[in-house]
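Next up, run-v9.cif (mmCIF, N, CA and C atoms):
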```
data_work
loop_
_atom_site.label_atom_id
_atom_site.label_comp_id
_atom_site.auth_asym_id
_atom_site.auth_seq_id
_atom_site.Cartn_x
_atom_site.Cartn_y
_atom_site.Cartn_z
N MET A 1 69.07 30.17 -17.16
CA MET A 1 69.93 31.03 -16.41
C MET A 1 71.34 30.45 -16.44
N SER A 2 72.31 31.31 -16.57
CA SER A 2 73.68 30.83 -16.72
C SER A 2 74.25 30.33 -15.39
N GLU A 3 75.26 29.52 -15.50
CA GLU A 3 75.92 28.98 -14.31
C GLU A 3 76.62 30.09 -13.52
N ALA A 4 77.10 31.13 -14.21
CA ALA A 4 77.77 32.23 -13.53
C ALA A 4 76.80 32.97 -12.60
N ILE A 5 75.58 33.15 -13.06
CA ILE A 5 74.57 33.83 -12.24
C ILE A 5 74.19 32.95 -11.06
N LYS A 6 74.02 31.67 -11.29
CA LYS A 6 73.70 30.75 -10.19
C LYS A 6 74.81 30.75 -9.16
N ALA A 7 76.05 30.82 -9.62
CA ALA A 7 77.19 30.84 -8.71
C ALA A 7 77.18 32.08 -7.82
N LEU A 8 76.75 33.23 -8.38
CA LEU A 8 76.65 34.45 -7.59
C LEU A 8 75.68 34.27 -6.42
N TYR A 9 74.54 33.66 -6.71
CA TYR A 9 73.53 33.44 -5.66
C TYR A 9 74.04 32.45 -4.61
N PHE A 10 74.64 31.36 -5.04
CA PHE A 10 75.15 30.37 -4.09
C PHE A 10 76.24 30.97 -3.21
N LYS A 11 77.12 31.79 -3.80
CA LYS A 11 78.19 32.42 -3.05
C LYS A 11 77.63 33.37 -2.00
N ALA A 12 76.49 34.01 -2.32
CA ALA A 12 75.86 34.93 -1.37
C ALA A 12 75.00 34.20 -0.35
N GLY A 13 74.80 32.89 -0.53
CA GLY A 13 73.99 32.12 0.40
C GLY A 13 72.51 32.25 0.15
N ILE A 14 72.14 32.57 -1.08
CA ILE A 14 70.75 32.75 -1.47
C ILE A 14 70.41 31.70 -2.52
N THR A 15 69.22 31.15 -2.43
CA THR A 15 68.78 30.18 -3.45
C THR A 15 68.54 30.91 -4.76
N PRO A 16 69.14 30.47 -5.86
CA PRO A 16 68.94 31.16 -7.14
C PRO A 16 67.52 30.98 -7.65
N PRO A 17 67.00 31.97 -8.37
CA PRO A 17 65.65 31.86 -8.92
C PRO A 17 65.59 30.83 -10.04
N GLN A 18 64.41 30.35 -10.31
CA GLN A 18 64.20 29.38 -11.38
C GLN A 18 63.78 30.12 -12.66
N GLY A 19 64.56 31.10 -13.05
CA GLY A 19 64.20 31.98 -14.16
C GLY A 19 64.61 31.46 -15.52
N ARG A 20 64.31 32.26 -16.52
CA ARG A 20 64.58 31.91 -17.91
C ARG A 20 65.80 32.65 -18.46
N GLY A 21 66.47 33.43 -17.64
CA GLY A 21 67.64 34.16 -18.12
C GLY A 21 67.28 35.46 -18.81
N VAL A 22 66.31 36.19 -18.28
CA VAL A 22 65.83 37.41 -18.89
C VAL A 22 66.67 38.61 -18.47
N HIS A 23 67.22 38.59 -17.26
CA HIS A 23 67.91 39.74 -16.71
C HIS A 23 69.43 39.64 -16.88
N THR A 24 70.06 40.80 -16.87
CA THR A 24 71.51 40.88 -17.04
C THR A 24 72.21 40.49 -15.74
N ILE A 25 73.49 40.20 -15.84
CA ILE A 25 74.26 39.81 -14.66
C ILE A 25 74.38 40.99 -13.70
N ASP A 26 74.44 42.22 -14.21
CA ASP A 26 74.50 43.40 -13.34
C ASP A 26 73.22 43.53 -12.53
N ALA A 27 72.08 43.22 -13.14
CA ALA A 27 70.80 43.28 -12.42
C ALA A 27 70.78 42.23 -11.31
N HIS A 28 71.27 41.06 -11.59
CA HIS A 28 71.30 40.01 -10.57
C HIS A 28 72.22 40.40 -9.41
N ARG A 29 73.35 41.02 -9.72
CA ARG A 29 74.25 41.48 -8.66
C ARG A 29 73.56 42.50 -7.76
N ALA A 30 72.81 43.41 -8.36
CA ALA A 30 72.10 44.42 -7.58
C ALA A 30 71.02 43.78 -6.72
N VAL A 31 70.31 42.81 -7.26
CA VAL A 31 69.28 42.12 -6.49
C VAL A 31 69.90 41.39 -5.31
N ILE A 32 71.02 40.76 -5.52
CA ILE A 32 71.70 40.06 -4.43
C ILE A 32 72.09 41.05 -3.33
N ARG A 33 72.56 42.23 -3.72
CA ARG A 33 72.90 43.26 -2.73
C ARG A 33 71.67 43.64 -1.90
N TYR A 34 70.54 43.86 -2.57
CA TYR A 34 69.32 44.21 -1.85
C TYR A 34 68.83 43.06 -0.96
N ARG A 35 68.92 41.83 -1.47
CA ARG A 35 68.48 40.68 -0.68
C ARG A 35 69.31 40.53 0.59
N LYS A 36 70.61 40.83 0.51
CA LYS A 36 71.47 40.76 1.69
C LYS A 36 71.08 41.81 2.72
N GLN A 37 70.46 42.90 2.27
CA GLN A 37 70.01 43.95 3.18
C GLN A 37 68.69 43.58 3.85
N GLY A 38 68.08 42.48 3.40
CA GLY A 38 66.86 42.01 4.04
C GLY A 38 65.59 42.27 3.27
N LEU A 39 65.68 42.78 2.05
CA LEU A 39 64.48 43.02 1.26
C LEU A 39 63.95 41.72 0.67
N THR A 40 62.66 41.71 0.37
CA THR A 40 62.08 40.53 -0.27
C THR A 40 62.52 40.49 -1.73
N LYS A 41 62.29 39.34 -2.34
CA LYS A 41 62.69 39.17 -3.74
C LYS A 41 61.95 40.15 -4.65
N SER A 42 60.65 40.30 -4.44
CA SER A 42 59.88 41.19 -5.32
C SER A 42 60.25 42.65 -5.11
N GLU A 43 60.51 43.05 -3.88
CA GLU A 43 60.91 44.44 -3.61
C GLU A 43 62.28 44.72 -4.22
N ALA A 44 63.19 43.76 -4.12
CA ALA A 44 64.52 43.94 -4.70
C ALA A 44 64.44 44.09 -6.22
N TRP A 45 63.66 43.25 -6.88
CA TRP A 45 63.53 43.34 -8.33
C TRP A 45 62.84 44.63 -8.75
N LYS A 46 61.85 45.07 -7.96
CA LYS A 46 61.16 46.32 -8.28
C LYS A 46 62.14 47.49 -8.27
N ARG A 47 63.01 47.52 -7.27
CA ARG A 47 63.99 48.60 -7.18
C ARG A 47 65.02 48.52 -8.29
N VAL A 48 65.48 47.32 -8.60
CA VAL A 48 66.51 47.16 -9.63
C VAL A 48 65.98 47.54 -11.00
N VAL A 49 64.83 47.01 -11.37
CA VAL A 49 64.27 47.30 -12.70
C VAL A 49 63.86 48.77 -12.78
N GLY A 50 63.36 49.32 -11.69
CA GLY A 50 63.01 50.73 -11.68
C GLY A 50 64.22 51.63 -11.83
N GLY A 51 65.32 51.25 -11.23
CA GLY A 51 66.53 52.05 -11.29
C GLY A 51 67.32 51.87 -12.57
N MET A 52 67.46 50.63 -13.00
CA MET A 52 68.29 50.34 -14.18
C MET A 52 67.50 50.48 -15.47
N GLY A 53 66.19 50.35 -15.38
CA GLY A 53 65.36 50.45 -16.59
C GLY A 53 65.66 49.34 -17.57
N LYS A 54 65.85 49.71 -18.83
CA LYS A 54 66.06 48.71 -19.88
C LYS A 54 67.39 47.98 -19.73
N HIS A 55 68.31 48.54 -18.95
CA HIS A 55 69.61 47.89 -18.76
C HIS A 55 69.55 46.68 -17.83
N ALA A 56 68.41 46.48 -17.20
CA ALA A 56 68.23 45.33 -16.32
C ALA A 56 67.77 44.10 -17.10
N ILE A 57 67.34 44.30 -18.34
CA ILE A 57 66.79 43.21 -19.15
C ILE A 57 67.67 43.03 -20.39
N LYS A 58 67.97 41.78 -20.70
CA LYS A 58 68.80 41.49 -21.87
C LYS A 58 68.10 42.01 -23.13
N PRO A 59 68.88 42.50 -24.12
CA PRO A 59 68.30 43.05 -25.33
C PRO A 59 67.36 42.08 -26.07
N SER A 60 67.66 40.82 -26.04
CA SER A 60 66.82 39.86 -26.77
C SER A 60 65.47 39.66 -26.10
N HIS A 61 65.30 40.10 -24.86
CA HIS A 61 64.04 39.93 -24.13
C HIS A 61 63.28 41.24 -23.96
N ARG A 62 63.81 42.34 -24.47
CA ARG A 62 63.13 43.62 -24.34
C ARG A 62 61.96 43.71 -25.30
N ARG A 63 60.98 44.51 -24.92
CA ARG A 63 59.83 44.74 -25.80
C ARG A 63 60.23 45.63 -26.95
N ALA A 64 59.72 45.35 -28.10
CA ALA A 64 59.98 46.21 -29.26
C ALA A 64 58.97 47.36 -29.22
N VAL A 65 59.49 48.57 -29.28
CA VAL A 65 58.60 49.73 -29.19
C VAL A 65 58.59 50.50 -30.47
#
```

Mind turning this structure into structure tokens?
Amino acid sequence: MSEAIKALYFKAGITPPQGRGVHTIDAHRAVIRYRKQGLTKSEAWKRVVGGMGKHAIKPSHRRAV
């Protein structure tokens, strides 16, 4: 995960995930917004990936169809 994404979480007062860098920075921003509203991590990611679809995942990590 990039330092820019970690900085977003620290600035929001949330512990950054220990991920592999699969999601885009826009997806992380949306998750941070949901987390600030009080949603759990899994609920926030479910909403973000459901809403953004393939745009929530970096092209190099998408499934080939």

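The gap separating atom C of A:Val65 from atom CA of A:Arg20 is 23.2 Å, in Å to one decimal.
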
Exercise for the section: Can you work out which one of A:Thr24, A:Ser2, A:Ala7, A:Thr40 has the shortest atom-to-atom distance to A:Ala56, counting all atoms listed in the file? Expected result: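 So, comparing all the options, the nearest one is A:Thr24.
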
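Reported to one decimal place, the separation of atom C of A:Ala64 from atom C of A:His28 is 24.8 Å.
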
Exercise for the section: Please identify which residues in chain A DSSP calls helix (DSSP H, G or I) from the backbone, and express them as a VMD selection string. Expected result: chain A and resid 3 to 12 25 to 36 41 to 56 59 to 61

Exercise for the section: Name the residues captured by the PyMOL selection byres ((chain A and resi 57) around 8) when it is applied to the shown file; answer as number ranges by chain. Expected result: A: 21-25, 27, 49, 52-56, 58-62

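Distances to A:Ile32 were evaluated for A:Arg63, A:Gly51, A:Ala12, A:Lys6 using only C-alpha atoms, and the minimum falls at A:Ala12.
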
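With atom N of A:Arg29 on one side and atom C of A:Leu8 on the other, the separation reads 7.9 Å.
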